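One structure is given here, and the rest of the page talks about it.
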Amino acid sequence: MIDIKLIRENPELVKKNCARRGCDVDIDALIVEEREHRELIRKIEGLRADRNRLSKECRDNPDARIQVKSIKEQLGILEKELERRTKELDISLFWLPNLLDPAVPDGDEDEDNLELRKEGAVPTFDFKPRDHQELGEILGIIDTQRGAKVAQSGFYYWRGKGAQLLNALFFWTQRELVNSGFTSFITPCVAKEKTLFGTGYLPFCADETYALEGHNLALIGTSEQTLVGYHADDTLPAADLPLRYCAFSACFRTEAGSYGKETRGIFRVHQFHKVEQIIFCEPEDSEKFHMECLENEERLLKSLEIPYRVVDVCVGDMGAPGYRKYDIEAYFAGYGGYREVTSNTNLTDFQARRLNIRYKDADGNKGLVHTISATAVTDRVAIAILENNQRGDGSVVIPEALRPLAGFDVIEPV
């Protein structure tokens with residue numbers, strides 16, 4: 001959520017930001033709406049003060065009792081009006097996207113993201129490389145048919161050594177992050193509507209959310225939602241910042257916007273698994289920790305010997321809560337190109353303002369924390385391992401970093 005004070009004092013900045021992000025919100029009407037809301041609050045507070053003052057006189061003054069009764073009736077009407085107007089104002093404010101870093105590249109979609117660098121050697125083969133779907137079938141480790149039978153298309157099984165590879169990948173990643181100062185979590189796989197609004201996934205991504213009808217809950221699309229929500233309404237000692245959290249979770253997304261995109265295999269699915277990085281920090285440090293998360297992502301991929309490229313995400317591919325975002329796209333030999341495996345976003349105080357997450361320093365000064373949300377690894381990293389480490393007979397060599405945990409060096413065809 002954007003600071004309402006900024007909207008009042010610099011409406012042109014907010015209008016330009018909304019225009020660049022394609023957000024259709026009438027800022028002038030919003031300013032009028034917020035001013036009337038403040039005026040109504042002042043009126044109610046004045047009436048409450050009069051009621052409290054007159055209540056002390058009721059014992060000896062019949063007129064005071066009459067006035068108190070009249071004020072209570074007025075307050076009943078005005079407080080209902082305030083409740084209605086507050087909800088309307090919140091809805092208007094919830095639709096405002098975060099400000100953008102001026103350095104965010106222009107562009108409408110992911111093809112317009114700006115490549116910053118490539119790392120690692122792209123593998124070469126003396127045979128036509130298979131994609132992960134074909135490899136999964138040859139090796140007997142990925143089963144999309146039974147996933148569709150049990151659930152629906154977009155759900156799948158990792159099986160046998162595929163499941164062992166995935167378990168090794170996620171455990172190894174969490175261990176690496178814990179060794180870098182992160183606290184490990186396992187979070188709920190559901191979140192309240194308030195948490196989804198607070199983290200900025202509602203109202204912007206409502207069509208991507210699996211809501212549990214009648215329960216005011218939804219399946220999480222990322223543990224970012226539950227890790228950031230963990231500190232809702234908290235005031236964190238500045239001396240304890242930064243807080244580095246990581247969590248492994250199943251994630252659920254409807255992929256409502258995936259029509260026309262590449263859907264073969266398990267690259268784009270309804271359920272996947274992820275280790276997420278979250279950092280809470282003071283505002284002046286958020287750029288530094290944004291880069292720290294990116295360094296973690298790159299270090300993990302280098303350890304797994306996966307070639308990749310880093311892209312600066314353009315405005316059209318930026319989620320509404322984001323201020324600046326970097327994606328890493330791994331090379332997939334079977335696909336024959338680079339595809340996104342991690343995202344890393346500086347959200348500034350957008351989530352903290354919605355969820356009321358503050359810090360307090362030794363002098364008693366308070367402020368809103370900044371939050372960083374960054375993928376560490378997902379299933380996509382595992383399928384990049386399959387495609388990039390395949391051999392002519394369909395077997396796949398496991399990266400050295402994972403072999404002690406996986407318990408094998410090679411996955412052989414069944």
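Each chain in the structure tokens gets a letter, A, B and so on, in the order shown; residues start at 1 in every chain, and ligands are counted from 1 in the order they appear.
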Residues of stretch 115-217 of chain A that approach stretch 300-312 of chain A to 10 Å or less, counting only C-alpha atoms: could you list each one with the shortest pair of atoms and its distance in Å to one decimal, rows by chain and increasing residue number, as a Markdown table?
```
| residue | atom | partner | partner_atom | distance |
| --- | --- | --- | --- | --- |
| A:Glu115 | CA | A:Val311 | CA | 4.3 |
| A:Leu116 | CA | A:Val311 | CA | 5.4 |
| A:Arg117 | CA | A:Val310 | CA | 5.6 |
| A:Lys118 | CA | A:Arg309 | CA | 4.2 |
| A:Glu119 | CA | A:Tyr308 | CA | 5.4 |
| A:Gly120 | CA | A:Pro307 | CA | 4.2 |
| A:Ala121 | CA | A:Pro307 | CA | 5.8 |
| A:Val122 | CA | A:Pro307 | CA | 5.9 |
| A:Pro123 | CA | A:Pro307 | CA | 8.3 |
| A:Leu169 | CA | A:Leu304 | CA | 9.4 |
| A:Trp172 | CA | A:Leu300 | CA | 9.5 |
| A:Thr173 | CA | A:Leu300 | CA | 7.4 |
| A:Glu176 | CA | A:Leu300 | CA | 8.2 |
| A:Leu177 | CA | A:Leu300 | CA | 9.4 |
```
Convert the current residue selection to file output with C-alpha atoms, as an mmCIF file, in the first residue's frame.
```cif
data_model
loop_
_atom_site.group_PDB
_atom_site.id
_atom_site.type_symbol
_atom_site.label_atom_id
_atom_site.label_comp_id
_atom_site.auth_asym_id
_atom_site.auth_seq_id
_atom_site.Cartn_x
_atom_site.Cartn_y
_atom_site.Cartn_z
ATOM 1 C CA GLU A 115 19.551 -9.302 -19.760
ATOM 2 C CA LEU A 116 22.297 -8.341 -17.301
ATOM 3 C CA ARG A 117 24.680 -11.287 -17.649
ATOM 4 C CA LYS A 118 25.055 -14.966 -18.472
ATOM 5 C CA GLU A 119 26.890 -17.440 -16.242
ATOM 6 C CA GLY A 120 28.012 -21.026 -16.821
ATOM 7 C CA ALA A 121 28.682 -23.062 -19.917
ATOM 8 C CA VAL A 122 25.670 -24.201 -21.933
ATOM 9 C CA PRO A 123 25.915 -28.016 -22.334
ATOM 10 C CA LEU A 169 17.596 -30.506 -3.501
ATOM 11 C CA TRP A 172 20.449 -29.043 0.660
ATOM 12 C CA THR A 173 19.073 -25.588 -0.232
ATOM 13 C CA GLU A 176 22.840 -23.715 2.619
ATOM 14 C CA LEU A 177 20.551 -20.830 3.591
#
```
Using only C-alpha atoms, which protein or nucleic acid residues come within 8 Å of A:Cys189? Drop anything in the same chain fewer than 5 positions from it, and give the result as a list in words. Leu219, Ile220, Ser223, Ser249, Ala250 and Cys251 of chain A
Please produce an output containing N, CA and C atoms for each residue in the selection, written as a PDB file, in the first residue's frame.
```pdb
ATOM      1  N   LEU A 219      -5.416 -21.664  -0.384  1.00  0.00           N
ATOM      2  CA  LEU A 219      -4.123 -22.330  -0.463  1.00  0.00           C
ATOM      3  C   LEU A 219      -3.060 -21.305  -0.840  1.00  0.00           C
ATOM      4  N   ILE A 220      -1.902 -21.371  -0.223  1.00  0.00           N
ATOM      5  CA  ILE A 220      -0.874 -20.377  -0.502  1.00  0.00           C
ATOM      6  C   ILE A 220      -0.256 -20.605  -1.882  1.00  0.00           C
ATOM      7  N   SER A 223       5.251 -19.438   0.136  1.00  0.00           N
ATOM      8  CA  SER A 223       5.391 -19.240   1.576  1.00  0.00           C
ATOM      9  C   SER A 223       5.756 -17.803   1.914  1.00  0.00           C
ATOM     10  N   SER A 249       7.788 -25.201   1.123  1.00  0.00           N
ATOM     11  CA  SER A 249       6.343 -25.426   1.133  1.00  0.00           C
ATOM     12  C   SER A 249       5.874 -25.924  -0.216  1.00  0.00           C
ATOM     13  N   ALA A 250       4.716 -26.575  -0.203  1.00  0.00           N
ATOM     14  CA  ALA A 250       3.962 -26.765  -1.436  1.00  0.00           C
ATOM     15  C   ALA A 250       3.294 -25.435  -1.769  1.00  0.00           C
ATOM     16  N   CYS A 251       3.155 -25.139  -3.059  1.00  0.00           N
ATOM     17  CA  CYS A 251       2.556 -23.889  -3.515  1.00  0.00           C
ATOM     18  C   CYS A 251       1.484 -24.214  -4.552  1.00  0.00           C
TER      19      CYS A 251
END
```
If you count only C-alpha atoms, which residues fall within 12 Å of A:Phe170, apart from same-chain ones fewer than 4 positions away, as JSON, numbers by chain? {"A": [163, 164, 165, 166, 174, 175, 176, 177, 184, 246, 247, 248, 249, 250, 273, 274, 275, 276, 300, 375, 376, 377, 378, 379, 380, 381, 382, 402, 405, 406]}
Quick one: residues within 12 Å of A:Arg53, only C-alpha atoms counted, chain neighbours fewer than 4 positions away excluded, as a PDB file with C-alpha atoms, in the first residue's frame?
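Result file is selection35.pdb:
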```
ATOM      1  CA  GLY A  46     -15.587  15.741  18.363  1.00  0.00           C
ATOM      2  CA  LEU A  47     -18.944  14.173  19.186  1.00  0.00           C
ATOM      3  CA  ARG A  48     -17.267  11.539  21.360  1.00  0.00           C
ATOM      4  CA  ALA A  49     -15.448  14.261  23.275  1.00  0.00           C
ATOM      5  CA  GLU A  57     -22.780  16.264  34.181  1.00  0.00           C
ATOM      6  CA  CYS A  58     -25.715  13.887  33.693  1.00  0.00           C
ATOM      7  CA  ALA A  64     -26.934  17.005  29.705  1.00  0.00           C
ATOM      8  CA  ARG A  65     -28.725  13.651  29.713  1.00  0.00           C
ATOM      9  CA  GLN A  67     -27.794  15.939  24.852  1.00  0.00           C
ATOM     10  CA  VAL A  68     -25.902  12.724  25.561  1.00  0.00           C
ATOM     11  CA  ILE A  71     -25.158  12.492  20.565  1.00  0.00           C
TER      12      ILE A  71
END
```
Apply DSSP to the structure's backbone, then extract all residues of stretch 139-223 of chain A labelled alpha helix (DSSP H) and return them as an mmCIF file with N, CA and C atoms, in the first residue's frame.
```cif
data_model
loop_
_atom_site.group_PDB
_atom_site.id
_atom_site.type_symbol
_atom_site.label_atom_id
_atom_site.label_comp_id
_atom_site.auth_asym_id
_atom_site.auth_seq_id
_atom_site.Cartn_x
_atom_site.Cartn_y
_atom_site.Cartn_z
ATOM 1 N N LEU A 139 12.942 -42.535 -17.320
ATOM 2 C CA LEU A 139 13.532 -42.859 -16.024
ATOM 3 C C LEU A 139 12.500 -43.342 -15.012
ATOM 4 N N THR A 144 2.806 -37.614 -14.949
ATOM 5 C CA THR A 144 1.747 -36.616 -15.095
ATOM 6 C C THR A 144 0.382 -37.265 -15.347
ATOM 7 N N GLN A 145 0.378 -38.449 -15.945
ATOM 8 C CA GLN A 145 -0.895 -39.106 -16.241
ATOM 9 C C GLN A 145 -1.644 -39.470 -14.975
ATOM 10 N N ARG A 146 -0.932 -40.055 -14.002
ATOM 11 C CA ARG A 146 -1.605 -40.419 -12.756
ATOM 12 C C ARG A 146 -1.908 -39.180 -11.908
ATOM 13 N N GLY A 147 -1.092 -38.130 -12.064
ATOM 14 C CA GLY A 147 -1.425 -36.875 -11.397
ATOM 15 C C GLY A 147 -2.754 -36.338 -11.877
ATOM 16 N N ALA A 148 -2.976 -36.415 -13.200
ATOM 17 C CA ALA A 148 -4.250 -35.970 -13.766
ATOM 18 C C ALA A 148 -5.390 -36.885 -13.353
ATOM 19 N N LYS A 149 -5.102 -38.197 -13.247
ATOM 20 C CA LYS A 149 -6.137 -39.155 -12.842
ATOM 21 C C LYS A 149 -6.593 -38.907 -11.411
ATOM 22 N N VAL A 150 -5.644 -38.640 -10.540
ATOM 23 C CA VAL A 150 -5.953 -38.460 -9.114
ATOM 24 C C VAL A 150 -6.498 -37.061 -8.828
ATOM 25 N N LYS A 161 13.602 -42.293 -7.597
ATOM 26 C CA LYS A 161 14.787 -41.454 -7.501
ATOM 27 C C LYS A 161 14.500 -39.999 -7.864
ATOM 28 N N GLY A 162 13.407 -39.751 -8.571
ATOM 29 C CA GLY A 162 13.001 -38.369 -8.818
ATOM 30 C C GLY A 162 12.609 -37.689 -7.520
ATOM 31 N N ALA A 163 11.818 -38.398 -6.700
ATOM 32 C CA ALA A 163 11.426 -37.847 -5.399
ATOM 33 C C ALA A 163 12.641 -37.689 -4.493
ATOM 34 N N GLN A 164 13.566 -38.651 -4.554
ATOM 35 C CA GLN A 164 14.780 -38.556 -3.747
ATOM 36 C C GLN A 164 15.627 -37.359 -4.182
ATOM 37 N N LEU A 165 15.701 -37.129 -5.492
ATOM 38 C CA LEU A 165 16.439 -35.972 -6.002
ATOM 39 C C LEU A 165 15.817 -34.682 -5.489
ATOM 40 N N LEU A 166 14.490 -34.604 -5.542
ATOM 41 C CA LEU A 166 13.808 -33.387 -5.096
ATOM 42 C C LEU A 166 14.010 -33.158 -3.600
ATOM 43 N N ASN A 167 13.863 -34.223 -2.821
ATOM 44 C CA ASN A 167 14.085 -34.098 -1.372
ATOM 45 C C ASN A 167 15.509 -33.633 -1.077
ATOM 46 N N ALA A 168 16.476 -34.193 -1.803
ATOM 47 C CA ALA A 168 17.866 -33.792 -1.600
ATOM 48 C C ALA A 168 18.059 -32.325 -1.949
ATOM 49 N N LEU A 169 17.465 -31.892 -3.061
ATOM 50 C CA LEU A 169 17.596 -30.506 -3.501
ATOM 51 C C LEU A 169 17.046 -29.539 -2.467
ATOM 52 N N PHE A 170 15.849 -29.829 -1.956
ATOM 53 C CA PHE A 170 15.226 -28.891 -1.021
ATOM 54 C C PHE A 170 15.926 -28.898 0.334
ATOM 55 N N PHE A 171 16.354 -30.056 0.804
ATOM 56 C CA PHE A 171 17.072 -30.106 2.078
ATOM 57 C C PHE A 171 18.411 -29.391 1.955
ATOM 58 N N TRP A 172 19.142 -29.678 0.879
ATOM 59 C CA TRP A 172 20.449 -29.043 0.660
ATOM 60 C C TRP A 172 20.314 -27.524 0.604
ATOM 61 N N THR A 173 19.286 -27.039 -0.099
ATOM 62 C CA THR A 173 19.073 -25.588 -0.232
ATOM 63 C C THR A 173 18.810 -24.950 1.126
ATOM 64 N N GLN A 174 17.936 -25.569 1.913
ATOM 65 C CA GLN A 174 17.652 -25.008 3.239
ATOM 66 C C GLN A 174 18.894 -25.011 4.121
ATOM 67 N N ARG A 175 19.682 -26.071 4.040
ATOM 68 C CA ARG A 175 20.908 -26.131 4.824
ATOM 69 C C ARG A 175 21.870 -25.021 4.416
ATOM 70 N N GLU A 176 21.975 -24.788 3.107
ATOM 71 C CA GLU A 176 22.840 -23.715 2.619
ATOM 72 C C GLU A 176 22.375 -22.349 3.136
ATOM 73 N N LEU A 177 21.083 -22.112 3.128
ATOM 74 C CA LEU A 177 20.551 -20.830 3.591
ATOM 75 C C LEU A 177 20.711 -20.677 5.104
ATOM 76 N N VAL A 178 20.457 -21.749 5.853
ATOM 77 C CA VAL A 178 20.651 -21.692 7.303
ATOM 78 C C VAL A 178 22.110 -21.377 7.623
ATOM 79 N N ASN A 179 23.022 -21.969 6.879
ATOM 80 C CA ASN A 179 24.453 -21.676 7.075
ATOM 81 C C ASN A 179 24.799 -20.237 6.709
ATOM 82 N N GLU A 193 -7.728 -14.399 4.037
ATOM 83 C CA GLU A 193 -7.853 -13.347 3.027
ATOM 84 C C GLU A 193 -7.077 -12.103 3.442
ATOM 85 N N LYS A 194 -7.116 -11.756 4.718
ATOM 86 C CA LYS A 194 -6.392 -10.582 5.210
ATOM 87 C C LYS A 194 -4.895 -10.700 4.931
ATOM 88 N N THR A 195 -4.348 -11.903 5.100
ATOM 89 C CA THR A 195 -2.917 -12.117 4.843
ATOM 90 C C THR A 195 -2.611 -11.959 3.366
ATOM 91 N N LEU A 196 -3.491 -12.461 2.494
ATOM 92 C CA LEU A 196 -3.275 -12.346 1.057
ATOM 93 C C LEU A 196 -3.383 -10.892 0.599
ATOM 94 N N PHE A 197 -4.305 -10.139 1.191
ATOM 95 C CA PHE A 197 -4.372 -8.704 0.907
ATOM 96 C C PHE A 197 -3.114 -8.015 1.422
ATOM 97 N N GLY A 198 -2.708 -8.389 2.624
ATOM 98 C CA GLY A 198 -1.562 -7.734 3.248
ATOM 99 C C GLY A 198 -0.280 -7.917 2.467
#
```
Hey, which of A:Leu82, A:Leu99, A:Ile7, A:Ile142 ends up closest to A:Arg38? Count only C-alpha atoms. A:Leu82
Neighbour list for A:Pro102 as number ranges by chain, cut-off 12 Å, only C-alpha atoms, skip fewer than 4 positions in-chain: A: 13, 16-17, 20, 106, 314-315, 323-324
May I have the residues within 12 Å of stretch 124-128 of chain A as a list in words, using only C-alpha atoms and disregarding those fewer than 4 positions away in the same chain? Pro307, Tyr331, Phe332, Ala333, Gly334, Tyr335, Gly336, Glu387, Asn388, Asn389, Gln390, Arg391, Gly392, Asp393 and Gly394 of chain A
Apply DSSP to the backbone of this structure and, from stretch 67-255 of chain A, keep only the residues in strand (DSSP E or B); write these as a PyMOL selection string. chain A and resi 114-119+142-143+157-158+183-185+190-192+211-212+217-219+235-237+243-252
